[in-house]
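The next block holds one structure in the form of structure tokens; read it before the comments.
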Amino acid sequence: MTPGSAGRRPDFPRAEPVTAVPSRLVAGLRPGPTGRFWRRVAESGTPLVEPDPLGDPDHRAVTFLWRDRPVAGRPARAVVLHANKFTDYDDLAATSLTRLPGTDVWHATFRLRADWRCSYLLGPLTEPPAVSGRRHRDELLRHAGPDPFNRTPLRGRHSGRTFSVAELDAAPGQFWVDADAPPPRELPGDRPVWVHGPVGGGEPVLVLLDGDVWAREHPIAPTLEALAESGRLPRLTTVLVGPSASGRTADLTCHPDYPDRLVAVLDELGLPPDPERTTVAGQSFGGLAAVHAALCRPDRFGTAVAQSGSFWWPGDDSGTGWLSHCPEPDRAVRVVLQVGDQEWGMPPIVARVRDALTERGHRVSTAEYHGGHDQAWWRGALIAALLDLAPGWSTPTTR
């Protein structure tokens, strides 16, 4: 497959089966008015979480709810749960909500691990889904919106779209400042590049791919500012690189010129080589591109953070075919691999990438999160990775 083309994503099976269980809170309802129930829901927020009916302290019974109302003036006939890498669009019935007879309560309860974190939407329809299958996912999502009773929004500042987040009690803690922020300074040129933080003072450098996401959609600047003010992170020079005119897929699938383009941005900013204090990070195809950039230019990028890296490119189930587009190492780099264990075939691929990179002499660490291909855990896990890396940035490299 030619670098810069998307290739075929392998048809991974579901990570694990869906287990539906009863909810005691819903089972106690009887036909008739439900105002008291919905007041309790509004007070507690959704999804509702109860102890595991099988008694396992590491699992919970998690109930998704939707209160019946007309949709575009017509009665709802179905409610689809769109949960990241939990919903299988080839089997919508497994995760769709059902209406409790004689009430306005649509519900679905699942047995889930207590450390689950997942973004989701609810999609009420006036007719049962006319289409199904993964190729129809985007069409079905057009009818979906956030859960009105959920208290953990994942806001899209630029697109205006908001997802809800199911965040169970044992999910790893996250530090994230969910606040509006003015966009970082945008550099002139033929590619969208934003810069946050001081430039030229010898600060550690963070290069974030899909920079438009982190500059505008989910601004990272307020979080970095808060961490710097508290002393948990040093002030960083953060360079947020968006897609070029060629497009995101062309840039981020091992394009032979892309690592040099990133280096050119650093040169334009006057940032001297300091690979031990320069990190490149990305998600999905951006994760693939981050590792590719570090392997191709270890003189500039000493660390790569790949979150849910699309190492299956170019349609290679082994996950290591893309390494043929990287030179033999002349310098070891540090690679941080993060993956959601619900990512439908991705964890074994990441494990093979870890082994292949280790065999080449690189320093590799991995972390699994109980979630999907999801910004809901990416943002907190990115900060966790930076906090882990920060001790190595304390002193500028002697040049």
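Residue names in the structure tokens use chain letters A, B, ... in the order shown, residue numbers from 1 in each chain, and ligand numbers from 1 in the order shown.
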Self-check item: Test item: residues at most 9 Å from range 239-256 of chain A, only C-alpha atoms, excluding those fewer than 6 positions along its chain, as a PyMOL selection string
Solution: chain A and resi 2-6+184+190-197+205-215+262+265-266+285-290+292-293+296+310+313-314+322+325-326
For the selection just defined, write its residues with C-alpha atoms to a file, as a PDB file, in the first residue's frame.
ATOM      1  CA  THR A   2       1.343   3.428  -0.958  1.00  0.00           C
ATOM      2  CA  PRO A   3       2.028   5.708   2.019  1.00  0.00           C
ATOM      3  CA  GLY A   4      -0.628   8.384   2.260  1.00  0.00           C
ATOM      4  CA  SER A   5      -3.566   6.092   1.426  1.00  0.00           C
ATOM      5  CA  ALA A   6      -6.013   4.720   3.971  1.00  0.00           C
ATOM      6  CA  PRO A 184      -3.684  29.282  20.535  1.00  0.00           C
ATOM      7  CA  ASP A 190      -0.022  26.642   4.004  1.00  0.00           C
ATOM      8  CA  ARG A 191      -0.738  24.264   6.885  1.00  0.00           C
ATOM      9  CA  PRO A 192      -2.803  24.867  10.051  1.00  0.00           C
ATOM     10  CA  VAL A 193      -0.404  25.093  12.981  1.00  0.00           C
ATOM     11  CA  TRP A 194      -1.123  26.561  16.394  1.00  0.00           C
ATOM     12  CA  VAL A 195       1.339  27.272  19.199  1.00  0.00           C
ATOM     13  CA  HIS A 196       0.566  27.420  22.889  1.00  0.00           C
ATOM     14  CA  GLY A 197       3.029  28.418  25.576  1.00  0.00           C
ATOM     15  CA  VAL A 205       8.253  20.665  23.363  1.00  0.00           C
ATOM     16  CA  LEU A 206       5.039  18.756  22.743  1.00  0.00           C
ATOM     17  CA  VAL A 207       3.939  18.246  19.132  1.00  0.00           C
ATOM     18  CA  LEU A 208       0.280  17.209  18.916  1.00  0.00           C
ATOM     19  CA  LEU A 209      -1.000  15.772  15.653  1.00  0.00           C
ATOM     20  CA  ASP A 210      -4.631  16.380  14.685  1.00  0.00           C
ATOM     21  CA  GLY A 211      -3.832  19.745  16.217  1.00  0.00           C
ATOM     22  CA  ASP A 212      -7.144  21.233  15.110  1.00  0.00           C
ATOM     23  CA  VAL A 213      -8.867  18.891  17.581  1.00  0.00           C
ATOM     24  CA  TRP A 214      -6.684  19.990  20.495  1.00  0.00           C
ATOM     25  CA  ALA A 215      -6.674  23.663  19.523  1.00  0.00           C
ATOM     26  CA  LEU A 262       7.039  18.373  11.302  1.00  0.00           C
ATOM     27  CA  VAL A 265       7.649  23.528  11.692  1.00  0.00           C
ATOM     28  CA  LEU A 266       9.983  23.252  14.677  1.00  0.00           C
ATOM     29  CA  PHE A 285      -3.870   7.489  12.444  1.00  0.00           C
ATOM     30  CA  GLY A 286      -2.139  10.236  14.431  1.00  0.00           C
ATOM     31  CA  GLY A 287      -0.724   7.589  16.756  1.00  0.00           C
ATOM     32  CA  LEU A 288       0.701   5.724  13.782  1.00  0.00           C
ATOM     33  CA  ALA A 289       2.168   8.964  12.419  1.00  0.00           C
ATOM     34  CA  ALA A 290       3.684   9.922  15.775  1.00  0.00           C
ATOM     35  CA  HIS A 292       6.606   6.852  12.359  1.00  0.00           C
ATOM     36  CA  ALA A 293       7.909  10.417  12.850  1.00  0.00           C
ATOM     37  CA  CYS A 296      12.321   8.492  11.004  1.00  0.00           C
ATOM     38  CA  SER A 310      -3.964   2.600  13.689  1.00  0.00           C
ATOM     39  CA  TRP A 313      -2.501   0.222   8.263  1.00  0.00           C
ATOM     40  CA  PRO A 314      -2.292  -0.694   5.410  1.00  0.00           C
ATOM     41  CA  TRP A 322       4.026  -0.215   8.383  1.00  0.00           C
ATOM     42  CA  HIS A 325       8.353   2.393   5.811  1.00  0.00           C
ATOM     43  CA  CYS A 326      10.750   3.225   8.671  1.00  0.00           C
TER      44      CYS A 326
END
Requested in this report: Quick one: everything within 7 Å of Pro47 in chain A, counting only C-alpha atoms, minus sequence neighbours fewer than 6 positions away in the same chain. Send it as a list in words.
Outcome: Val62, Thr63, Phe64, Leu65, Asn150 and Ala166 of chain A
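Restricting the calculation to only C-alpha atoms, the smallest distance between His143 in chain A and any of A:Glu127, A:Asp91, A:Glu50, A:Asp341 is found for A:Glu127.
Across the model, the gap from CA of Glu276 in chain A to CA of Ser230 in chain A is 23.4 Å.
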In Å and to one decimal, CA of Gly319 in chain A is distant from CA of Ala351 in chain A by 9.1 Å
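Among the residues of range 237-289 of chain A, backbone DSSP assigns strand (DSSP E or B) to Thr237, Thr238, Val239, Leu240, Val241, Thr278, Thr279, Val280, Ala281, Gly282 and Gln283 of chain A.
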Distance query Cys118 in chain A at most 10 Å, only C-alpha atoms, self and fewer than 3 positions along chain excluded, as a JSON list (two decimals) with N, CA and C atoms, in the first residue's frame:
[["chain", "number", "residue", "atom", "x", "y", "z"],
["A", 83, "ALA", "N", -22.90, 3.71, 21.72],
["A", 83, "ALA", "CA", -21.81, 3.73, 22.69],
["A", 83, "ALA", "C", -20.53, 3.28, 22.00],
["A", 84, "ASN", "N", -19.48, 4.07, 22.16],
["A", 84, "ASN", "CA", -18.23, 3.88, 21.43],
["A", 84, "ASN", "C", -17.66, 2.47, 21.64],
["A", 85, "LYS", "N", -17.59, 1.72, 20.53],
["A", 85, "LYS", "CA", -17.04, 0.36, 20.51],
["A", 85, "LYS", "C", -17.77, -0.61, 21.43],
["A", 86, "PHE", "N", -18.94, -0.20, 21.92],
["A", 86, "PHE", "CA", -19.81, -1.12, 22.65],
["A", 86, "PHE", "C", -21.00, -1.50, 21.76],
["A", 163, "PHE", "N", -21.20, 14.88, 23.24],
["A", 163, "PHE", "CA", -21.44, 13.49, 23.60],
["A", 163, "PHE", "C", -21.62, 13.41, 25.10],
["A", 164, "SER", "N", -22.28, 12.36, 25.55],
["A", 164, "SER", "CA", -22.32, 12.05, 26.97],
["A", 164, "SER", "C", -21.25, 11.01, 27.27],
["A", 165, "VAL", "N", -20.81, 10.98, 28.52],
["A", 165, "VAL", "CA", -19.78, 10.03, 28.93],
["A", 165, "VAL", "C", -20.30, 9.18, 30.08],
["A", 166, "ALA", "N", -20.24, 7.87, 29.89],
["A", 166, "ALA", "CA", -20.49, 6.93, 30.99],
["A", 166, "ALA", "C", -19.14, 6.67, 31.66],
["A", 167, "GLU", "N", -19.05, 7.00, 32.92],
["A", 167, "GLU", "CA", -17.77, 6.97, 33.64],
["A", 167, "GLU", "C", -18.03, 6.27, 34.96],
["A", 168, "LEU", "N", -17.67, 5.00, 35.05],
["A", 168, "LEU", "CA", -17.98, 4.23, 36.26],
["A", 168, "LEU", "C", -16.95, 4.52, 37.36],
["A", 342, "GLN", "N", -11.41, -2.38, 24.51],
["A", 342, "GLN", "CA", -12.65, -2.60, 23.79],
["A", 342, "GLN", "C", -12.54, -2.24, 22.31],
["A", 370, "HIS", "N", -9.96, 0.53, 29.85],
["A", 370, "HIS", "CA", -11.20, -0.20, 29.59],
["A", 370, "HIS", "C", -12.17, 0.73, 28.88],
["A", 371, "GLY", "N", -12.01, 0.80, 27.57],
["A", 371, "GLY", "CA", -12.82, 1.68, 26.75],
["A", 371, "GLY", "C", -12.54, 1.42, 25.30],
["A", 372, "GLY", "N", -13.08, 2.28, 24.44],
["A", 372, "GLY", "CA", -12.98, 2.08, 23.01],
["A", 372, "GLY", "C", -12.03, 3.06, 22.34],
["A", 373, "HIS", "N", -12.34, 3.37, 21.09],
["A", 373, "HIS", "CA", -11.54, 4.29, 20.27],
["A", 373, "HIS", "C", -12.10, 5.68, 20.53],
["A", 374, "ASP", "N", -11.71, 6.31, 21.65],
["A", 374, "ASP", "CA", -12.60, 7.27, 22.26],
["A", 374, "ASP", "C", -11.87, 8.45, 22.90],
["A", 375, "GLN", "N", -12.26, 9.64, 22.50],
["A", 375, "GLN", "CA", -11.73, 10.86, 23.10],
["A", 375, "GLN", "C", -12.00, 10.90, 24.60],
["A", 376, "ALA", "N", -13.02, 10.18, 25.04],
["A", 376, "ALA", "CA", -13.38, 10.21, 26.46],
["A", 376, "ALA", "C", -12.24, 9.74, 27.35],
["A", 377, "TRP", "N", -11.45, 8.77, 26.90],
["A", 377, "TRP", "CA", -10.28, 8.39, 27.69],
["A", 377, "TRP", "C", -8.99, 8.94, 27.12]]
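When only C-alpha atoms are used to measure the gap to Ala332 in chain A, the shortest distance among A:Pro273, A:Pro298, A:Gly315, A:Gly32 belongs to A:Pro298.
Interatomic distance, CA of Ala42 in chain A against CA of Arg151 in chain A: 9.5 Å.
Take the candidates A:Asp147, A:Asp138, A:Glu186, A:Glu343 and check each one against Val41 in chain A using only C-alpha atoms; the shortest distance goes to A:Asp147.
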* To do: Tell me, as a VMD selection string, which residues lie within 9 Å of His107 in chain A, counting only C-alpha atoms; anything in the same chain fewer than 4 positions away does not count.
  => chain A and resid 26 63 to 67 79 96 to 100
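Distance check against Leu269 in chain A using only C-alpha atoms: of A:Pro188, A:Leu295, A:Gly231, A:Pro153, the minimum falls on A:Pro188.
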task = Using DSSP on the backbone coordinates, identify all residues within range 325-360 of chain A classified as alpha helix (DSSP H); present the result as a VMD selection string.
result = chain A and resid 346 to 359
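For the choices A:Pro348, A:Gly102, A:Gly7, A:Gly340, the atom-to-atom distance to Thr34 in chain A is smallest for A:Gly102 when using only C-alpha atoms.
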Please list as a PDB file with all heavy atoms, in the first residue's frame every residue within 6 Å of Glu217 in chain A, counting only C-alpha atoms and excluding residues in the same chain fewer than 2 positions away.
ATOM      1  N   GLY A 156     -17.880  19.388  22.061  1.00  0.00           N
ATOM      2  CA  GLY A 156     -17.121  19.802  20.899  1.00  0.00           C
ATOM      3  C   GLY A 156     -17.233  21.303  20.737  1.00  0.00           C
ATOM      4  O   GLY A 156     -18.288  21.810  20.346  1.00  0.00           O
ATOM      5  N   ARG A 157     -16.184  22.033  21.080  1.00  0.00           N
ATOM      6  CA  ARG A 157     -16.252  23.504  21.072  1.00  0.00           C
ATOM      7  C   ARG A 157     -16.457  24.053  19.668  1.00  0.00           C
ATOM      8  O   ARG A 157     -17.157  25.032  19.472  1.00  0.00           O
ATOM      9  CB  ARG A 157     -14.961  24.074  21.655  1.00  0.00           C
ATOM     10  CG  ARG A 157     -15.082  24.613  23.073  1.00  0.00           C
ATOM     11  CD  ARG A 157     -15.390  23.558  24.071  1.00  0.00           C
ATOM     12  NE  ARG A 157     -15.664  24.175  25.371  1.00  0.00           N
ATOM     13  CZ  ARG A 157     -15.784  23.498  26.488  1.00  0.00           C
ATOM     14  NH1 ARG A 157     -15.655  22.190  26.486  1.00  0.00           N
ATOM     15  NH2 ARG A 157     -16.060  24.098  27.614  1.00  0.00           N
ATOM     16  N   HIS A 158     -15.857  23.443  18.672  1.00  0.00           N
ATOM     17  CA  HIS A 158     -15.911  23.971  17.305  1.00  0.00           C
ATOM     18  C   HIS A 158     -17.124  23.431  16.557  1.00  0.00           C
ATOM     19  O   HIS A 158     -17.850  24.177  15.904  1.00  0.00           O
ATOM     20  CB  HIS A 158     -14.622  23.626  16.559  1.00  0.00           C
ATOM     21  CG  HIS A 158     -14.553  24.205  15.188  1.00  0.00           C
ATOM     22  ND1 HIS A 158     -14.611  25.558  14.944  1.00  0.00           N
ATOM     23  CD2 HIS A 158     -14.443  23.611  13.964  1.00  0.00           C
ATOM     24  CE1 HIS A 158     -14.533  25.777  13.640  1.00  0.00           C
ATOM     25  NE2 HIS A 158     -14.437  24.619  13.031  1.00  0.00           N
ATOM     26  N   VAL A 213      -8.025  19.441  16.511  1.00  0.00           N
ATOM     27  CA  VAL A 213      -8.867  18.891  17.581  1.00  0.00           C
ATOM     28  C   VAL A 213      -8.475  19.492  18.921  1.00  0.00           C
ATOM     29  O   VAL A 213      -9.325  19.945  19.704  1.00  0.00           O
ATOM     30  CB  VAL A 213      -8.743  17.355  17.626  1.00  0.00           C
ATOM     31  CG1 VAL A 213      -9.458  16.789  18.845  1.00  0.00           C
ATOM     32  CG2 VAL A 213      -9.287  16.747  16.345  1.00  0.00           C
TER      33      VAL A 213
END
